[in-house]
$ cat upload37.cif   # mmCIF, C-alpha atoms and all ligand atoms
data_model
loop_
_atom_site.label_atom_id
_atom_site.label_comp_id
_atom_site.auth_asym_id
_atom_site.auth_seq_id
_atom_site.Cartn_x
_atom_site.Cartn_y
_atom_site.Cartn_z
CA MET O 1 126.89 -19.99 50.33
CA PRO O 2 130.41 -19.36 51.68
CA THR O 3 132.17 -16.44 50.07
CA VAL O 4 135.32 -17.34 48.19
CA ARG O 5 138.02 -14.72 48.53
CA SER O 6 140.03 -14.47 45.35
CA VAL O 7 143.74 -14.56 46.13
CA THR O 8 146.67 -13.63 43.97
CA ALA O 9 149.17 -16.44 44.43
CA ILE O 10 152.58 -15.38 45.69
CA GLU O 11 154.22 -16.76 42.52
CA GLU O 12 152.06 -14.40 40.43
CA ARG O 13 152.80 -11.37 42.59
CA PHE O 14 156.53 -12.20 42.85
CA PRO O 15 157.46 -14.31 39.80
CA ARG O 16 160.80 -16.16 39.51
CA PRO O 17 163.25 -14.60 39.97
CA SER O 18 162.21 -11.76 42.28
CA VAL O 19 164.78 -9.88 44.29
CA MET O 20 163.96 -8.83 47.86
CA GLY O 21 166.21 -6.00 49.08
CA VAL O 22 167.27 -6.07 52.74
CA VAL O 23 166.72 -2.93 54.82
CA ASN O 24 167.76 -3.63 58.40
CA VAL O 25 166.75 -0.77 60.69
CA THR O 26 169.00 -2.06 63.44
CA PRO O 27 172.23 -1.00 65.12
CA ASP O 28 173.62 -4.56 65.12
CA SER O 29 172.71 -6.63 62.03
CA PHE O 30 175.58 -8.89 61.00
CA SER O 31 176.48 -7.22 57.72
CA ASP O 32 174.72 -3.84 57.57
CA GLY O 33 174.08 -3.04 61.24
CA GLY O 34 173.74 0.71 61.78
CA VAL O 35 173.88 1.54 58.06
CA HIS O 36 170.12 2.16 57.75
CA PHE O 37 169.38 3.02 61.39
CA ASP O 38 168.36 6.57 60.43
CA PRO O 39 164.87 6.39 58.82
CA THR O 40 165.75 8.91 56.12
CA VAL O 41 168.74 6.81 55.09
CA ALA O 42 166.68 3.60 55.20
CA ILE O 43 163.93 5.09 53.03
CA ALA O 44 166.44 6.39 50.47
CA ALA O 45 168.19 2.99 50.38
CA ALA O 46 164.88 1.17 49.86
CA ARG O 47 163.87 3.49 47.03
CA ARG O 48 167.24 2.95 45.39
CA MET O 49 166.80 -0.84 45.67
CA VAL O 50 163.45 -0.66 43.86
CA ALA O 51 164.97 1.58 41.18
CA GLU O 52 167.69 -1.08 40.76
CA GLY O 53 165.08 -3.80 40.18
CA ALA O 54 164.03 -5.15 43.59
CA ALA O 55 160.45 -6.47 43.56
CA LEU O 56 160.11 -5.53 47.24
CA VAL O 57 162.17 -4.55 50.28
CA ASP O 58 162.32 -6.49 53.56
CA VAL O 59 162.23 -4.10 56.52
CA GLY O 60 163.50 -5.52 59.81
CA GLY O 61 163.84 -3.92 63.24
CA GLU O 62 165.39 -6.86 65.08
CA SER O 63 168.68 -8.56 64.30
CA THR O 64 168.62 -12.36 64.20
CA ARG O 65 172.38 -12.73 63.72
CA PRO O 66 174.05 -15.56 65.64
CA GLY O 67 174.40 -14.61 69.30
CA SER O 68 171.80 -11.82 69.22
CA ASP O 69 169.18 -11.15 71.89
CA GLY O 70 165.68 -10.00 70.97
CA VAL O 71 164.24 -6.49 71.24
CA SER O 72 160.91 -5.38 72.77
CA VAL O 73 157.77 -4.74 70.69
CA ASP O 74 158.00 -1.03 71.50
CA GLU O 75 161.61 -0.77 70.38
CA GLU O 76 160.96 -2.74 67.19
CA LEU O 77 157.97 -0.49 66.36
CA ARG O 78 160.01 2.63 67.12
CA ARG O 79 162.59 1.47 64.58
CA VAL O 80 160.37 0.33 61.72
CA VAL O 81 157.26 2.57 61.79
CA PRO O 82 158.93 5.77 60.47
CA VAL O 83 160.51 3.73 57.67
CA LEU O 84 157.24 2.00 56.78
CA GLU O 85 155.46 5.37 56.71
CA GLY O 86 158.04 6.76 54.33
CA LEU O 87 157.88 3.68 52.09
CA ALA O 88 154.07 3.79 51.95
CA ALA O 89 154.27 7.42 50.81
CA ALA O 90 156.82 6.40 48.15
CA ASP O 91 154.75 3.38 46.99
CA VAL O 92 157.57 0.91 47.69
CA PRO O 93 156.42 -2.75 47.99
CA VAL O 94 157.31 -3.93 51.49
CA SER O 95 157.81 -7.10 53.44
CA ILE O 96 158.12 -6.91 57.24
CA ASP O 97 160.79 -9.11 58.82
CA THR O 98 159.26 -9.80 62.22
CA ALA O 99 158.08 -12.63 64.46
CA LYS O 100 155.79 -10.33 66.46
CA ALA O 101 152.04 -10.05 65.78
CA GLU O 102 151.84 -6.42 66.89
CA VAL O 103 154.68 -5.34 64.59
CA ALA O 104 153.17 -7.28 61.67
CA ARG O 105 149.72 -5.77 62.30
CA ARG O 106 151.07 -2.21 62.29
CA ALA O 107 153.24 -2.90 59.24
CA ILE O 108 150.28 -4.33 57.31
CA GLU O 109 148.23 -1.22 58.22
CA LEU O 110 151.08 0.78 56.72
CA GLY O 111 150.99 -1.25 53.51
CA ALA O 112 153.30 -4.25 54.04
CA GLU O 113 152.22 -7.09 51.75
CA LEU O 114 154.34 -9.93 53.11
CA VAL O 115 155.20 -11.05 56.64
CA ASN O 116 158.65 -12.66 56.78
CA ASP O 117 158.68 -14.69 60.00
CA VAL O 118 161.99 -16.39 60.80
CA SER O 119 160.21 -18.30 63.59
CA ALA O 120 157.70 -19.86 61.13
CA LEU O 121 154.74 -18.92 63.41
CA ARG O 122 156.32 -20.44 66.53
CA ALA O 123 157.23 -17.28 68.44
CA ASP O 124 153.94 -15.37 68.75
CA PRO O 125 150.61 -17.23 68.95
CA ASP O 126 148.76 -14.18 67.55
CA LEU O 127 150.80 -13.79 64.37
CA ALA O 128 148.95 -16.42 62.28
CA GLY O 129 145.63 -14.65 62.93
CA VAL O 130 147.05 -11.28 61.90
CA VAL O 131 148.33 -12.73 58.60
CA ALA O 132 145.10 -14.69 57.96
CA ASP O 133 142.79 -11.73 58.66
CA ALA O 134 144.79 -9.41 56.44
CA GLY O 135 145.25 -11.93 53.61
CA ALA O 136 148.95 -11.03 53.66
CA TYR O 137 151.69 -13.06 52.02
CA LEU O 138 153.83 -15.11 54.41
CA CYS O 139 157.34 -16.54 54.41
CA LEU O 140 157.90 -19.50 56.75
CA MET O 141 161.60 -20.04 57.55
CA HIS O 142 163.42 -22.98 59.11
CA MET O 143 165.65 -22.37 62.13
CA GLN O 144 167.27 -24.97 64.40
CA GLY O 145 167.48 -23.59 67.95
CA GLU O 146 167.32 -19.83 68.57
CA PRO O 147 169.59 -16.98 67.44
CA ARG O 148 171.48 -16.73 70.76
CA THR O 149 172.80 -20.31 70.55
CA MET O 150 171.91 -21.70 67.09
CA GLN O 151 175.45 -21.74 65.69
CA LEU O 152 177.08 -23.53 68.66
CA ASP O 153 176.75 -27.11 67.36
CA PRO O 154 174.11 -27.53 64.64
CA ARG O 155 173.47 -31.19 63.77
CA TYR O 156 171.27 -33.08 61.32
CA ASP O 157 171.12 -36.67 60.06
CA ASP O 158 169.83 -35.46 56.68
CA VAL O 159 169.59 -31.68 56.53
CA ALA O 160 167.45 -31.39 53.38
CA SER O 161 164.76 -33.84 54.46
CA GLU O 162 164.67 -32.56 58.06
CA VAL O 163 164.27 -28.94 56.92
CA ALA O 164 161.58 -29.99 54.41
CA ALA O 165 159.69 -32.00 57.06
CA PHE O 166 159.75 -29.01 59.41
CA LEU O 167 158.47 -26.64 56.71
CA GLU O 168 155.78 -29.10 55.63
CA GLU O 169 154.48 -29.17 59.21
CA ARG O 170 154.60 -25.35 59.54
CA LEU O 171 152.84 -24.96 56.18
CA ALA O 172 150.03 -27.28 57.35
CA PHE O 173 149.81 -25.31 60.60
CA ALA O 174 149.58 -21.97 58.74
CA VAL O 175 146.83 -23.31 56.48
CA SER O 176 144.96 -24.69 59.53
CA GLN O 177 144.99 -21.13 60.90
CA GLY O 178 143.20 -19.78 57.81
CA ILE O 179 146.19 -18.58 55.76
CA ALA O 180 145.72 -19.43 52.06
CA GLU O 181 148.41 -21.86 50.89
CA GLU O 182 148.76 -19.83 47.67
CA ARG O 183 150.01 -16.92 49.78
CA ILE O 184 152.89 -18.81 51.41
CA CYS O 185 156.53 -19.28 50.45
CA LEU O 186 159.14 -21.42 52.24
CA ASP O 187 162.75 -20.71 53.21
CA PRO O 188 165.38 -23.21 54.43
CA GLY O 189 166.92 -20.48 56.64
CA ILE O 190 170.51 -20.26 55.44
CA GLY O 191 172.75 -19.76 58.50
CA PHE O 192 170.01 -20.37 61.08
CA GLY O 193 171.37 -23.32 63.05
CA LYS O 194 173.48 -24.67 60.17
CA THR O 195 177.13 -25.20 59.30
CA ALA O 196 178.52 -23.99 55.98
CA GLN O 197 178.23 -27.58 54.71
CA HIS O 198 174.53 -27.70 55.69
CA ASN O 199 173.88 -24.37 53.92
CA PHE O 200 175.52 -25.50 50.68
CA GLU O 201 173.81 -28.88 50.75
CA LEU O 202 170.41 -27.19 51.18
CA VAL O 203 170.97 -25.28 47.95
CA ARG O 204 172.33 -28.30 46.09
CA ARG O 205 169.27 -30.34 47.16
CA LEU O 206 166.68 -27.60 46.76
CA ASP O 207 164.48 -30.10 44.89
CA VAL O 208 163.64 -31.72 48.25
CA LEU O 209 162.10 -28.44 49.42
CA LEU O 210 160.49 -27.65 46.06
CA ALA O 211 158.66 -30.99 46.27
CA LEU O 212 156.40 -29.34 48.88
CA GLY O 213 154.91 -27.37 45.99
CA ARG O 214 155.51 -23.85 47.30
CA PRO O 215 157.86 -21.14 46.02
CA VAL O 216 161.20 -21.03 47.83
CA LEU O 217 162.96 -17.93 49.17
CA ILE O 218 166.72 -18.01 49.75
CA GLY O 219 168.75 -15.54 51.82
CA PHE O 220 172.43 -16.37 51.30
CA SER O 221 173.56 -12.73 50.84
CA ARG O 222 176.77 -11.86 52.73
CA LYS O 223 176.42 -14.84 55.08
CA SER O 224 179.54 -16.15 56.79
CA SER O 225 179.59 -19.52 54.96
CA LEU O 226 180.47 -17.51 51.84
CA GLY O 227 183.43 -15.90 53.60
CA ARG O 228 184.57 -19.31 54.88
CA VAL O 229 184.44 -21.04 51.50
CA THR O 230 186.39 -18.16 49.94
CA GLY O 231 189.28 -18.54 52.35
CA ASP O 232 188.66 -16.98 55.78
CA PRO O 233 187.84 -19.68 58.37
CA ASP O 234 186.77 -17.01 60.90
CA ALA O 235 184.66 -14.93 58.50
CA LYS O 236 181.59 -13.21 59.98
CA THR O 237 180.29 -12.13 56.56
CA GLY O 238 180.77 -13.12 52.92
CA PRO O 239 181.78 -11.06 49.88
CA LEU O 240 179.45 -9.71 47.20
CA SER O 241 180.88 -11.94 44.46
CA ALA O 242 180.16 -15.06 46.51
CA SER O 243 176.67 -13.79 47.42
CA VAL O 244 175.84 -13.38 43.73
CA ALA O 245 177.15 -16.87 42.93
CA ALA O 246 175.03 -18.41 45.68
CA ALA O 247 171.89 -16.54 44.56
CA VAL O 248 172.35 -17.61 40.93
CA ALA O 249 172.97 -21.23 41.99
CA ALA O 250 169.82 -21.16 44.11
CA TYR O 251 167.79 -19.61 41.29
CA GLU O 252 169.03 -22.20 38.80
CA ARG O 253 167.96 -24.95 41.21
CA GLY O 254 164.44 -23.48 41.42
CA ALA O 255 164.42 -20.70 44.04
CA SER O 256 161.90 -17.91 43.35
CA ILE O 257 162.74 -15.03 45.70
CA LEU O 258 166.33 -14.01 46.48
CA ARG O 259 166.81 -11.93 49.65
CA VAL O 260 169.88 -9.74 49.07
CA HIS O 261 171.69 -6.66 50.33
CA ASP O 262 173.22 -5.61 46.97
CA VAL O 263 170.29 -5.39 44.60
CA ARG O 264 171.78 -4.15 41.34
CA GLU O 265 174.49 -6.83 41.13
CA HIS O 266 172.00 -9.62 41.86
CA VAL O 267 169.41 -8.33 39.37
CA GLU O 268 172.09 -8.17 36.66
CA ALA O 269 173.45 -11.65 37.40
CA LEU O 270 169.97 -13.17 37.48
CA ALA O 271 169.17 -11.52 34.13
CA VAL O 272 172.12 -13.38 32.60
CA SER O 273 171.04 -16.67 34.13
CA ARG O 274 167.50 -16.17 32.79
CA ALA O 275 168.81 -15.28 29.34
CA ILE O 276 170.87 -18.48 29.27
CA ALA O 277 167.93 -20.57 30.45
CA SER O 278 165.66 -19.22 27.73
CA ALA O 279 168.23 -19.07 24.87
N1 LIG Y 1 168.24 -13.91 57.05
C1 LIG Y 1 168.34 -12.89 57.93
C2 LIG Y 1 167.21 -12.22 58.39
N2 LIG Y 1 165.98 -12.54 57.92
N3 LIG Y 1 164.61 -13.89 56.55
C3 LIG Y 1 164.48 -14.90 55.68
N4 LIG Y 1 163.26 -15.25 55.23
N5 LIG Y 1 165.56 -15.60 55.23
C4 LIG Y 1 166.83 -15.32 55.64
O1 LIG Y 1 167.79 -16.00 55.20
C5 LIG Y 1 167.01 -14.25 56.58
C6 LIG Y 1 165.85 -13.55 57.02
C7 LIG Y 1 169.69 -12.53 58.45
O2 LIG Y 1 170.28 -11.59 57.63
P1 LIG Y 1 170.24 -10.01 57.88
O3 LIG Y 1 168.85 -9.49 57.84
O4 LIG Y 1 171.16 -9.38 56.90
O5 LIG Y 1 170.87 -9.83 59.33
P2 LIG Y 1 170.26 -9.62 60.77
O6 LIG Y 1 169.35 -10.75 61.09
O7 LIG Y 1 171.49 -9.60 61.64
O8 LIG Y 1 169.51 -8.32 60.79
#
$ encode --input "upload37.cif" --output "structure tokens" --more "lines below"
Ligand code: HH2
Amino acid sequence: MPTVRSVTAIEERFPRPSVMGVVNVTPDSFSDGGVHFDPTVAIAAARRMVAEGAALVDVGGESTRPGSDGVSVDEELRRVVPVLEGLAAADVPVSIDTAKAEVARRAIELGAELVNDVSALRADPDLAGVVADAGAYLCLMHMQGEPRTMQLDPRYDDVASEVAAFLEERLAFAVSQGIAEERICLDPGIGFGKTAQHNFELVRRLDVLLALGRPVLIGFSRKSSLGRVTGDPDAKTGPLSASVAAAVAAYERGASILRVHDVREHVEALAVSRAIASA
């Protein structure tokens, strides 16, 4: 008889709303580049995020900001391994923001529970096997183009249905590779090959994505669309107030996991939204 592995569904492990704190161990991330480049600082920041109510922290060693080039496996490991070691010792729940199988494998060995792959299993043919073998959680994100050029001229006929169709196909692929569907969440990829209008429409029409039946993760925090809608047409980042508004709007339209840089403010705002919903 085949053995049936019991799996905790991602929505049980990270119930709505769960806040994912961003810890970029990079010199060049768009909003916090260099801030957490020292492992001691990154570990302290991650611990503070959990104390402020984050359900997990997302550790990334490669910037995917518009215009960025990739980094090598060795460099990415050099950046994230000391941080992952420190977080394992501190019992901090971790997600690894990587598209590389080798980085994911090492991170999972060091306790990472979730692999956050902005390439949705398109960049490294070995990544699906690493996630499947470990029984890790997985986030599949939509991106049009690649970081170096994705913001040059993004175009869609119908952004919500095209993003949903892409994620439906990547979800089927992940499941075909042995990853339990219950372990997977989906992300429309705010800012990844999208105009401000596309980003806002994706949140307004989140029901199209939710129809796929998987929890949705949204990362709108500090993104430039928020700076543009609040008055700066050349903004490279967005303010905290606008980030909180976008996260609450996404949550109220059904998002489960909110990926944010400023944990305390988002946890507090989401608590108000929840209180109103259940009053
Ligand atoms: N956004 C960024 C990076 N990883 N992962 C998911 N699932 N969703 C997102 O929206 C997302 C992501 C970009 O933001 P940040 O990590 O702050 O910057 P950088 O890529 O420059 O390190």
$ atom_distance --input "upload37.cif" --atom1 "atom CA of O:Ser224" --atom2 "atom O3 of ligand LIG 1 (chain Y)"
12.6 Å
$ closest_atom_pairs --input "upload37.cif" --of "chain O" --to "ligand LIG 1 (chain Y)" --cutoff "9 Å" --atoms "all atoms listed in the file" --output "JSON lines"
{"residue": "O:Val22", "atom": "CA", "partner": "Y:LIG1", "partner_atom": "O3", "distance": 6.3}
{"residue": "O:Val23", "atom": "CA", "partner": "Y:LIG1", "partner_atom": "O3", "distance": 7.5}
{"residue": "O:Asn24", "atom": "CA", "partner": "Y:LIG1", "partner_atom": "O8", "distance": 5.5}
{"residue": "O:Val25", "atom": "CA", "partner": "Y:LIG1", "partner_atom": "O8", "distance": 8.0}
{"residue": "O:Thr26", "atom": "CA", "partner": "Y:LIG1", "partner_atom": "O8", "distance": 6.8}
{"residue": "O:Pro27", "atom": "CA", "partner": "Y:LIG1", "partner_atom": "O8", "distance": 8.9}
{"residue": "O:Asp28", "atom": "CA", "partner": "Y:LIG1", "partner_atom": "O7", "distance": 6.5}
{"residue": "O:Ser29", "atom": "CA", "partner": "Y:LIG1", "partner_atom": "O7", "distance": 3.2}
{"residue": "O:Phe30", "atom": "CA", "partner": "Y:LIG1", "partner_atom": "O7", "distance": 4.2}
{"residue": "O:Ser31", "atom": "CA", "partner": "Y:LIG1", "partner_atom": "O4", "distance": 5.8}
{"residue": "O:Asp32", "atom": "CA", "partner": "Y:LIG1", "partner_atom": "O4", "distance": 6.6}
{"residue": "O:Gly33", "atom": "CA", "partner": "Y:LIG1", "partner_atom": "O8", "distance": 7.0}
{"residue": "O:Asp58", "atom": "CA", "partner": "Y:LIG1", "partner_atom": "N3", "distance": 8.3}
{"residue": "O:Val59", "atom": "CA", "partner": "Y:LIG1", "partner_atom": "O3", "distance": 8.6}
{"residue": "O:Gly60", "atom": "CA", "partner": "Y:LIG1", "partner_atom": "O8", "distance": 6.7}
{"residue": "O:Gly61", "atom": "CA", "partner": "Y:LIG1", "partner_atom": "O8", "distance": 7.6}
{"residue": "O:Glu62", "atom": "CA", "partner": "Y:LIG1", "partner_atom": "O8", "distance": 6.1}
{"residue": "O:Ser63", "atom": "CA", "partner": "Y:LIG1", "partner_atom": "O8", "distance": 3.6}
{"residue": "O:Thr64", "atom": "CA", "partner": "Y:LIG1", "partner_atom": "O6", "distance": 3.6}
{"residue": "O:Arg65", "atom": "CA", "partner": "Y:LIG1", "partner_atom": "O7", "distance": 3.9}
{"residue": "O:Pro66", "atom": "CA", "partner": "Y:LIG1", "partner_atom": "O7", "distance": 7.6}
{"residue": "O:Ser68", "atom": "CA", "partner": "Y:LIG1", "partner_atom": "O7", "distance": 7.9}
{"residue": "O:Asp97", "atom": "CA", "partner": "Y:LIG1", "partner_atom": "N2", "distance": 6.3}
{"residue": "O:Thr98", "atom": "CA", "partner": "Y:LIG1", "partner_atom": "N2", "distance": 8.4}
{"residue": "O:Asn116", "atom": "CA", "partner": "Y:LIG1", "partner_atom": "N4", "distance": 5.5}
{"residue": "O:Asp117", "atom": "CA", "partner": "Y:LIG1", "partner_atom": "N4", "distance": 6.6}
{"residue": "O:Val118", "atom": "CA", "partner": "Y:LIG1", "partner_atom": "N3", "distance": 5.6}
{"residue": "O:Cys139", "atom": "CA", "partner": "Y:LIG1", "partner_atom": "N4", "distance": 6.1}
{"residue": "O:Leu140", "atom": "CA", "partner": "Y:LIG1", "partner_atom": "N4", "distance": 7.0}
{"residue": "O:Met141", "atom": "CA", "partner": "Y:LIG1", "partner_atom": "N4", "distance": 5.6}
{"residue": "O:His142", "atom": "CA", "partner": "Y:LIG1", "partner_atom": "N5", "distance": 8.6}
{"residue": "O:Pro147", "atom": "CA", "partner": "Y:LIG1", "partner_atom": "O6", "distance": 8.9}
{"residue": "O:Leu186", "atom": "CA", "partner": "Y:LIG1", "partner_atom": "N4", "distance": 8.0}
{"residue": "O:Asp187", "atom": "CA", "partner": "Y:LIG1", "partner_atom": "N4", "distance": 5.8}
{"residue": "O:Pro188", "atom": "CA", "partner": "Y:LIG1", "partner_atom": "O1", "distance": 7.6}
{"residue": "O:Gly189", "atom": "CA", "partner": "Y:LIG1", "partner_atom": "O1", "distance": 4.8}
{"residue": "O:Ile190", "atom": "CA", "partner": "Y:LIG1", "partner_atom": "O1", "distance": 5.1}
{"residue": "O:Gly191", "atom": "CA", "partner": "Y:LIG1", "partner_atom": "O1", "distance": 7.0}
{"residue": "O:Phe192", "atom": "CA", "partner": "Y:LIG1", "partner_atom": "O1", "distance": 7.7}
{"residue": "O:Leu217", "atom": "CA", "partner": "Y:LIG1", "partner_atom": "N4", "distance": 6.6}
{"residue": "O:Ile218", "atom": "CA", "partner": "Y:LIG1", "partner_atom": "O1", "distance": 5.9}
{"residue": "O:Gly219", "atom": "CA", "partner": "Y:LIG1", "partner_atom": "O1", "distance": 3.5}
{"residue": "O:Phe220", "atom": "CA", "partner": "Y:LIG1", "partner_atom": "O1", "distance": 6.1}
{"residue": "O:Ser221", "atom": "CA", "partner": "Y:LIG1", "partner_atom": "O4", "distance": 7.3}
{"residue": "O:Arg222", "atom": "CA", "partner": "Y:LIG1", "partner_atom": "O4", "distance": 7.4}
{"residue": "O:Lys223", "atom": "CA", "partner": "Y:LIG1", "partner_atom": "O2", "distance": 7.4}
{"residue": "O:Leu258", "atom": "CA", "partner": "Y:LIG1", "partner_atom": "N5", "distance": 8.9}
{"residue": "O:Arg259", "atom": "CA", "partner": "Y:LIG1", "partner_atom": "N5", "distance": 6.8}
{"residue": "O:Val260", "atom": "CA", "partner": "Y:LIG1", "partner_atom": "O4", "distance": 7.9}
{"residue": "O:His261", "atom": "CA", "partner": "Y:LIG1", "partner_atom": "O4", "distance": 7.1}
$ residues_near_point --input "upload37.cif" --point "(173.9, -17.2, 41.7)" --cutoff "12 Å" --atoms "only C-alpha atoms" --output "ChimeraX atom specification"
/O:17,19,203,218-221,240-255,258-260,265-274
$ write_last_selection --input "upload37.cif" --atoms "C-alpha atoms" --output "compact mmCIF listing (two decimals), keeping the file's coordinate frame"
# COMPACT_ATOMS: atom_id res chain seq x y z
CA PRO O 17 163.25 -14.60 39.97
CA VAL O 19 164.78 -9.88 44.29
CA VAL O 203 170.97 -25.28 47.95
CA ILE O 218 166.72 -18.01 49.75
CA GLY O 219 168.75 -15.54 51.82
CA PHE O 220 172.43 -16.37 51.30
CA SER O 221 173.56 -12.73 50.84
CA LEU O 240 179.45 -9.71 47.20
CA SER O 241 180.88 -11.94 44.46
CA ALA O 242 180.16 -15.06 46.51
CA SER O 243 176.67 -13.79 47.42
CA VAL O 244 175.84 -13.38 43.73
CA ALA O 245 177.15 -16.87 42.93
CA ALA O 246 175.03 -18.41 45.68
CA ALA O 247 171.89 -16.54 44.56
CA VAL O 248 172.35 -17.61 40.93
CA ALA O 249 172.97 -21.23 41.99
CA ALA O 250 169.82 -21.16 44.11
CA TYR O 251 167.79 -19.61 41.29
CA GLU O 252 169.03 -22.20 38.80
CA ARG O 253 167.96 -24.95 41.21
CA GLY O 254 164.44 -23.48 41.42
CA ALA O 255 164.42 -20.70 44.04
CA LEU O 258 166.33 -14.01 46.48
CA ARG O 259 166.81 -11.93 49.65
CA VAL O 260 169.88 -9.74 49.07
CA GLU O 265 174.49 -6.83 41.13
CA HIS O 266 172.00 -9.62 41.86
CA VAL O 267 169.41 -8.33 39.37
CA GLU O 268 172.09 -8.17 36.66
CA ALA O 269 173.45 -11.65 37.40
CA LEU O 270 169.97 -13.17 37.48
CA ALA O 271 169.17 -11.52 34.13
CA VAL O 272 172.12 -13.38 32.60
CA SER O 273 171.04 -16.67 34.13
CA ARG O 274 167.50 -16.17 32.79
$ closest_residue --input "upload37.cif" --among "O:Lys194, O:Ser18, O:Ala123, O:Ala107" --to "O:Gly70" --atoms "only C-alpha atoms"
O:Ala123
$ residues_around --input "upload37.cif" --residues "stretch 11-15 of chain O" --least-positions-apart "3" --cutoff "8 Å" --atoms "only C-alpha atoms" --output "JSON, numbers by chain"
{"O": [8, 18, 55, 215, 256, 257]}
$ closest_residue --input "upload37.cif" --among "O:Ala196, O:Ala136, O:Leu114, O:Ala104" --to "O:Gln151" --atoms "all atoms listed in the file"
O:Ala196
$ atom_distance --input "upload37.cif" --atom1 "atom CA of O:Ala88" --atom2 "atom CA of O:Asp74"
20.5 Å
$ residues_around --input "upload37.cif" --residues "O:Leu202" --least-positions-apart "4" --cutoff "8 Å" --atoms "only C-alpha atoms" --output "ChimeraX atom specification"
/O:159-160,188,198,206
$ atom_distance --input "upload37.cif" --atom1 "atom CA of O:Gly21" --atom2 "atom CA of O:Ala165"
28.0 Å
$ residues_around --input "upload37.cif" --residues "O:Ala128" --least-positions-apart "6" --cutoff "7 Å" --atoms "all atoms listed in the file" --output "list in words"
Leu121, Ala174 and Gln177 of chain O
$ build_atoms --input "upload37.cif" --residues "stretch 80-96 of chain O" --atoms "N, CA and C atoms" --output "PDB file, in the coordinates of the input"
ATOM      1  N   VAL O  80     160.873   0.573  63.078  1.00  0.00           N
ATOM      2  CA  VAL O  80     160.370   0.330  61.720  1.00  0.00           C
ATOM      3  C   VAL O  80     159.243   1.265  61.281  1.00  0.00           C
ATOM      4  N   VAL O  81     158.436   1.791  62.215  1.00  0.00           N
ATOM      5  CA  VAL O  81     157.260   2.570  61.790  1.00  0.00           C
ATOM      6  C   VAL O  81     157.629   3.795  60.940  1.00  0.00           C
ATOM      7  N   PRO O  82     158.610   4.615  61.332  1.00  0.00           N
ATOM      8  CA  PRO O  82     158.930   5.770  60.470  1.00  0.00           C
ATOM      9  C   PRO O  82     159.375   5.346  59.062  1.00  0.00           C
ATOM     10  N   VAL O  83     160.058   4.217  58.979  1.00  0.00           N
ATOM     11  CA  VAL O  83     160.510   3.730  57.670  1.00  0.00           C
ATOM     12  C   VAL O  83     159.310   3.246  56.845  1.00  0.00           C
ATOM     13  N   LEU O  84     158.424   2.492  57.500  1.00  0.00           N
ATOM     14  CA  LEU O  84     157.240   2.000  56.780  1.00  0.00           C
ATOM     15  C   LEU O  84     156.367   3.159  56.308  1.00  0.00           C
ATOM     16  N   GLU O  85     156.245   4.196  57.122  1.00  0.00           N
ATOM     17  CA  GLU O  85     155.460   5.370  56.710  1.00  0.00           C
ATOM     18  C   GLU O  85     156.066   6.011  55.472  1.00  0.00           C
ATOM     19  N   GLY O  86     157.366   6.150  55.478  1.00  0.00           N
ATOM     20  CA  GLY O  86     158.040   6.760  54.330  1.00  0.00           C
ATOM     21  C   GLY O  86     157.914   5.902  53.081  1.00  0.00           C
ATOM     22  N   LEU O  87     157.970   4.581  53.242  1.00  0.00           N
ATOM     23  CA  LEU O  87     157.880   3.680  52.090  1.00  0.00           C
ATOM     24  C   LEU O  87     156.464   3.637  51.529  1.00  0.00           C
ATOM     25  N   ALA O  88     155.461   3.752  52.426  1.00  0.00           N
ATOM     26  CA  ALA O  88     154.070   3.790  51.950  1.00  0.00           C
ATOM     27  C   ALA O  88     153.879   5.042  51.100  1.00  0.00           C
ATOM     28  N   ALA O  89     154.413   6.164  51.564  1.00  0.00           N
ATOM     29  CA  ALA O  89     154.270   7.420  50.810  1.00  0.00           C
ATOM     30  C   ALA O  89     154.973   7.328  49.467  1.00  0.00           C
ATOM     31  N   ALA O  90     156.045   6.517  49.396  1.00  0.00           N
ATOM     32  CA  ALA O  90     156.820   6.400  48.150  1.00  0.00           C
ATOM     33  C   ALA O  90     156.353   5.215  47.303  1.00  0.00           C
ATOM     34  N   ASP O  91     155.292   4.511  47.758  1.00  0.00           N
ATOM     35  CA  ASP O  91     154.750   3.380  46.990  1.00  0.00           C
ATOM     36  C   ASP O  91     155.747   2.250  46.787  1.00  0.00           C
ATOM     37  N   VAL O  92     156.583   1.998  47.780  1.00  0.00           N
ATOM     38  CA  VAL O  92     157.570   0.910  47.690  1.00  0.00           C
ATOM     39  C   VAL O  92     156.941  -0.371  48.235  1.00  0.00           C
ATOM     40  N   PRO O  93     156.954  -1.474  47.478  1.00  0.00           N
ATOM     41  CA  PRO O  93     156.420  -2.750  47.990  1.00  0.00           C
ATOM     42  C   PRO O  93     157.276  -3.255  49.162  1.00  0.00           C
ATOM     43  N   VAL O  94     156.596  -3.646  50.244  1.00  0.00           N
ATOM     44  CA  VAL O  94     157.310  -3.930  51.490  1.00  0.00           C
ATOM     45  C   VAL O  94     156.958  -5.302  52.047  1.00  0.00           C
ATOM     46  N   SER O  95     158.005  -5.935  52.598  1.00  0.00           N
ATOM     47  CA  SER O  95     157.810  -7.100  53.440  1.00  0.00           C
ATOM     48  C   SER O  95     158.319  -6.712  54.830  1.00  0.00           C
ATOM     49  N   ILE O  96     157.687  -7.226  55.890  1.00  0.00           N
ATOM     50  CA  ILE O  96     158.120  -6.910  57.240  1.00  0.00           C
ATOM     51  C   ILE O  96     158.771  -8.154  57.843  1.00  0.00           C
TER      52      ILE O  96
END
